[in-house]
Amino acid sequence: MPGSGKDEFVKVAKSLGFTDVHMGDTVKAYARKSGIRMVDRDIGAFATKERLENGMDIWAKRTAESISNPEKTVVDGLRNTEELVYFKSHFVDAVVIAIYTNRDERLKRILKRNRIDDVKNEPELEQRDNRELGWGIGRTISLADHMIVNDGTLEEFKEKSREFLLTQ
């Protein structure tokens, strides 16, 4: 879910030699090409429209095009089971990791990072969460191969992430 710590996990992975691919960057790149405003609501509506018109796994397909070394790549941002199935069927050794953080903590983190396309308050986060839950992210989280709970300090989370990546 937004603000759970995915970017921090990716930073740890990169420090261990992994490359990263963000599905959200793929969505934003296509949105820009289509003239979509770079605000959460409009990007989310565009992502939904593309899923309805091109299949729920469209963002996985488009993101996969930029993966050159699947064994050492972290893909950030699966939102539904169709994306999970796509990656699992095209990258045999794919491992899905869910990162869990409660909503209050996620909101604090989102407000602190202050990205231009982020939500700005609790009702907006609830709306975004509901949109992503509508895409199937809850089921995807439940089907993950591993879950890392991010409920401590940043350093504790980085250590959990490092330990996980080193044992895979």
# chains A, B, ... in the order shown; residues from 1 in each chain; ligands from 1

$ residues_around --residues "A:Glu105" --least-positions-apart "6" --cutoff "9 Å" --atoms "only C-alpha atoms" --output "list in words"
Gly3, Ser4 and Asp151 of chain A

$ residues_around --residues "A:His22" --least-positions-apart "6" --cutoff "9 Å" --atoms "only C-alpha atoms" --output "number ranges by chain"
A: 63, 74-77

$ write_last_selection --atoms "N, CA and C atoms" --output "mmCIF file, in the first residue's frame"
data_model
loop_
_atom_site.group_PDB
_atom_site.id
_atom_site.type_symbol
_atom_site.label_atom_id
_atom_site.label_comp_id
_atom_site.auth_asym_id
_atom_site.auth_seq_id
_atom_site.Cartn_x
_atom_site.Cartn_y
_atom_site.Cartn_z
ATOM 1 N N THR A 63 5.682 -2.858 -17.796
ATOM 2 C CA THR A 63 6.847 -2.738 -16.914
ATOM 3 C C THR A 63 7.877 -3.817 -17.232
ATOM 4 N N VAL A 74 14.249 -5.787 -8.645
ATOM 5 C CA VAL A 74 13.112 -5.625 -7.748
ATOM 6 C C VAL A 74 12.070 -4.816 -8.506
ATOM 7 N N VAL A 75 10.865 -5.380 -8.609
ATOM 8 C CA VAL A 75 9.750 -4.666 -9.237
ATOM 9 C C VAL A 75 8.876 -4.136 -8.118
ATOM 10 N N ASP A 76 8.687 -2.847 -8.102
ATOM 11 C CA ASP A 76 7.910 -2.180 -7.062
ATOM 12 C C ASP A 76 6.534 -1.826 -7.604
ATOM 13 N N GLY A 77 5.480 -2.295 -6.917
ATOM 14 C CA GLY A 77 4.169 -1.767 -7.212
ATOM 15 C C GLY A 77 3.113 -2.690 -7.769
#

$ select_by_dssp --residues "stretch 5-167 of chain A" --states "alpha helix (DSSP H)" --output "PyMOL selection string"
chain A and resi 6-15+23-33+40-54+58-64+81-90+103-113+122-135+137-142+154-167

$ closest_residue --among "A:Glu155, A:Glu163, A:Glu122, A:Asp57" --to "A:Leu16" --atoms "only C-alpha atoms"
A:Glu163

$ closest_residue --among "A:Lys6, A:Arg139, A:Lys11, A:Arg109" --to "A:Thr81" --atoms "only C-alpha atoms"
A:Arg139

$ residues_around --residues "stretch 123-131 of chain A" --least-positions-apart "4" --cutoff "9 Å" --atoms "only C-alpha atoms" --output "ChimeraX atom specification"
/A:1-2,40-41,44,48,103,106-107,118-119,135

$ select_by_dssp --residues "stretch 6-113 of chain A" --states "strand (DSSP E)" --output "number ranges by chain"
A: 19-22, 73-76, 97-100

$ closest_residue --among "A:Val95, A:Ile116, A:Met147, A:Val10" --to "A:Pro70" --atoms "only C-alpha atoms"
A:Val95

$ atom_distance --atom1 "atom CA of A:Ala60" --atom2 "atom CA of A:Arg162"
25.3 Å

$ residues_around --residues "A:Arg79" --least-positions-apart "6" --cutoff "7 Å" --atoms "only C-alpha atoms" --output "VMD selection string"
chain A and resid 132 135 to 137 140

$ residues_around --residues "A:Lys14" --least-positions-apart "3" --cutoff "12 Å" --atoms "only C-alpha atoms" --output "list in words"
Asp7, Glu8, Phe9, Val10, Lys11, Gly17, Phe18, Thr19, Asp20, Val21, Lys72, Thr73, Val74, Val75, Lys158, Ser161, Arg162 and Leu165 of chain A

$ write_last_selection --atoms "N, CA and C atoms" --output "JSON list (two decimals), in the first residue's frame"
[["chain", "number", "residue", "atom", "x", "y", "z"],
["A", 7, "ASP", "N", 9.79, 1.98, -1.22],
["A", 7, "ASP", "CA", 10.98, 2.69, -1.70],
["A", 7, "ASP", "C", 12.19, 2.42, -0.81],
["A", 8, "GLU", "N", 11.98, 2.32, 0.47],
["A", 8, "GLU", "CA", 13.09, 2.02, 1.39],
["A", 8, "GLU", "C", 13.60, 0.60, 1.16],
["A", 9, "PHE", "N", 12.69, -0.33, 0.91],
["A", 9, "PHE", "CA", 13.10, -1.70, 0.58],
["A", 9, "PHE", "C", 13.95, -1.68, -0.68],
["A", 10, "VAL", "N", 13.51, -0.93, -1.67],
["A", 10, "VAL", "CA", 14.24, -0.84, -2.94],
["A", 10, "VAL", "C", 15.64, -0.25, -2.72],
["A", 11, "LYS", "N", 15.76, 0.75, -1.87],
["A", 11, "LYS", "CA", 17.07, 1.35, -1.59],
["A", 11, "LYS", "C", 18.02, 0.30, -1.02],
["A", 17, "GLY", "N", 23.14, -4.55, -4.89],
["A", 17, "GLY", "CA", 23.41, -4.86, -6.29],
["A", 17, "GLY", "C", 22.19, -5.13, -7.16],
["A", 18, "PHE", "N", 21.01, -4.96, -6.62],
["A", 18, "PHE", "CA", 19.80, -5.14, -7.42],
["A", 18, "PHE", "C", 19.52, -3.87, -8.21],
["A", 19, "THR", "N", 18.80, -4.04, -9.31],
["A", 19, "THR", "CA", 18.24, -2.89, -10.01],
["A", 19, "THR", "C", 16.76, -2.83, -9.65],
["A", 20, "ASP", "N", 16.15, -1.69, -9.92],
["A", 20, "ASP", "CA", 14.74, -1.55, -9.57],
["A", 20, "ASP", "C", 13.94, -1.03, -10.75],
["A", 21, "VAL", "N", 12.71, -1.48, -10.80],
["A", 21, "VAL", "CA", 11.75, -1.04, -11.80],
["A", 21, "VAL", "C", 10.46, -0.73, -11.04],
["A", 72, "LYS", "N", 18.13, -10.21, -10.60],
["A", 72, "LYS", "CA", 18.65, -9.15, -9.73],
["A", 72, "LYS", "C", 17.82, -7.87, -9.89],
["A", 73, "THR", "N", 16.50, -8.02, -10.12],
["A", 73, "THR", "CA", 15.63, -6.87, -10.28],
["A", 73, "THR", "C", 14.51, -6.92, -9.26],
["A", 74, "VAL", "N", 14.25, -5.79, -8.65],
["A", 74, "VAL", "CA", 13.11, -5.62, -7.75],
["A", 74, "VAL", "C", 12.07, -4.82, -8.51],
["A", 75, "VAL", "N", 10.87, -5.38, -8.61],
["A", 75, "VAL", "CA", 9.75, -4.67, -9.24],
["A", 75, "VAL", "C", 8.88, -4.14, -8.12],
["A", 158, "LYS", "N", 15.18, -1.33, 7.50],
["A", 158, "LYS", "CA", 16.29, -1.57, 6.58],
["A", 158, "LYS", "C", 17.01, -2.87, 6.92],
["A", 161, "SER", "N", 14.92, -5.82, 5.87],
["A", 161, "SER", "CA", 14.98, -5.92, 4.41],
["A", 161, "SER", "C", 16.30, -6.53, 3.96],
["A", 162, "ARG", "N", 17.39, -6.06, 4.54],
["A", 162, "ARG", "CA", 18.73, -6.56, 4.21],
["A", 162, "ARG", "C", 18.81, -8.06, 4.52],
["A", 165, "LEU", "N", 16.77, -10.08, 1.95],
["A", 165, "LEU", "CA", 17.40, -10.14, 0.63],
["A", 165, "LEU", "C", 18.66, -11.01, 0.62]]

$ residues_around --residues "A:Phe87" --least-positions-apart "5" --cutoff "9 Å" --atoms "only C-alpha atoms" --output "number ranges by chain"
A: 60-61, 64, 82, 92, 94

$ atom_distance --atom1 "atom CA of A:Gly55" --atom2 "atom CA of A:Leu133"
16.7 Å

$ residues_around --residues "A:Val96" --least-positions-apart "4" --cutoff "8 Å" --atoms "only C-alpha atoms" --output "VMD selection string"
chain A and resid 84 144 to 146

$ write_last_selection --atoms "N, CA and C atoms" --output "PDB file, in the first residue's frame"
ATOM      1  N   LEU A  84       0.512 -10.220 -10.552  1.00  0.00           N
ATOM      2  CA  LEU A  84       1.289 -11.242  -9.855  1.00  0.00           C
ATOM      3  C   LEU A  84       1.433 -12.483 -10.742  1.00  0.00           C
ATOM      4  N   ALA A 144       1.186 -13.034  -1.361  1.00  0.00           N
ATOM      5  CA  ALA A 144       2.630 -12.810  -1.392  1.00  0.00           C
ATOM      6  C   ALA A 144       3.373 -14.010  -0.807  1.00  0.00           C
ATOM      7  N   ASP A 145       4.573 -14.234  -1.323  1.00  0.00           N
ATOM      8  CA  ASP A 145       5.410 -15.317  -0.805  1.00  0.00           C
ATOM      9  C   ASP A 145       5.945 -15.003   0.586  1.00  0.00           C
ATOM     10  N   HIS A 146       6.164 -13.713   0.846  1.00  0.00           N
ATOM     11  CA  HIS A 146       6.703 -13.260   2.137  1.00  0.00           C
ATOM     12  C   HIS A 146       6.076 -11.917   2.490  1.00  0.00           C
TER      13      HIS A 146
END
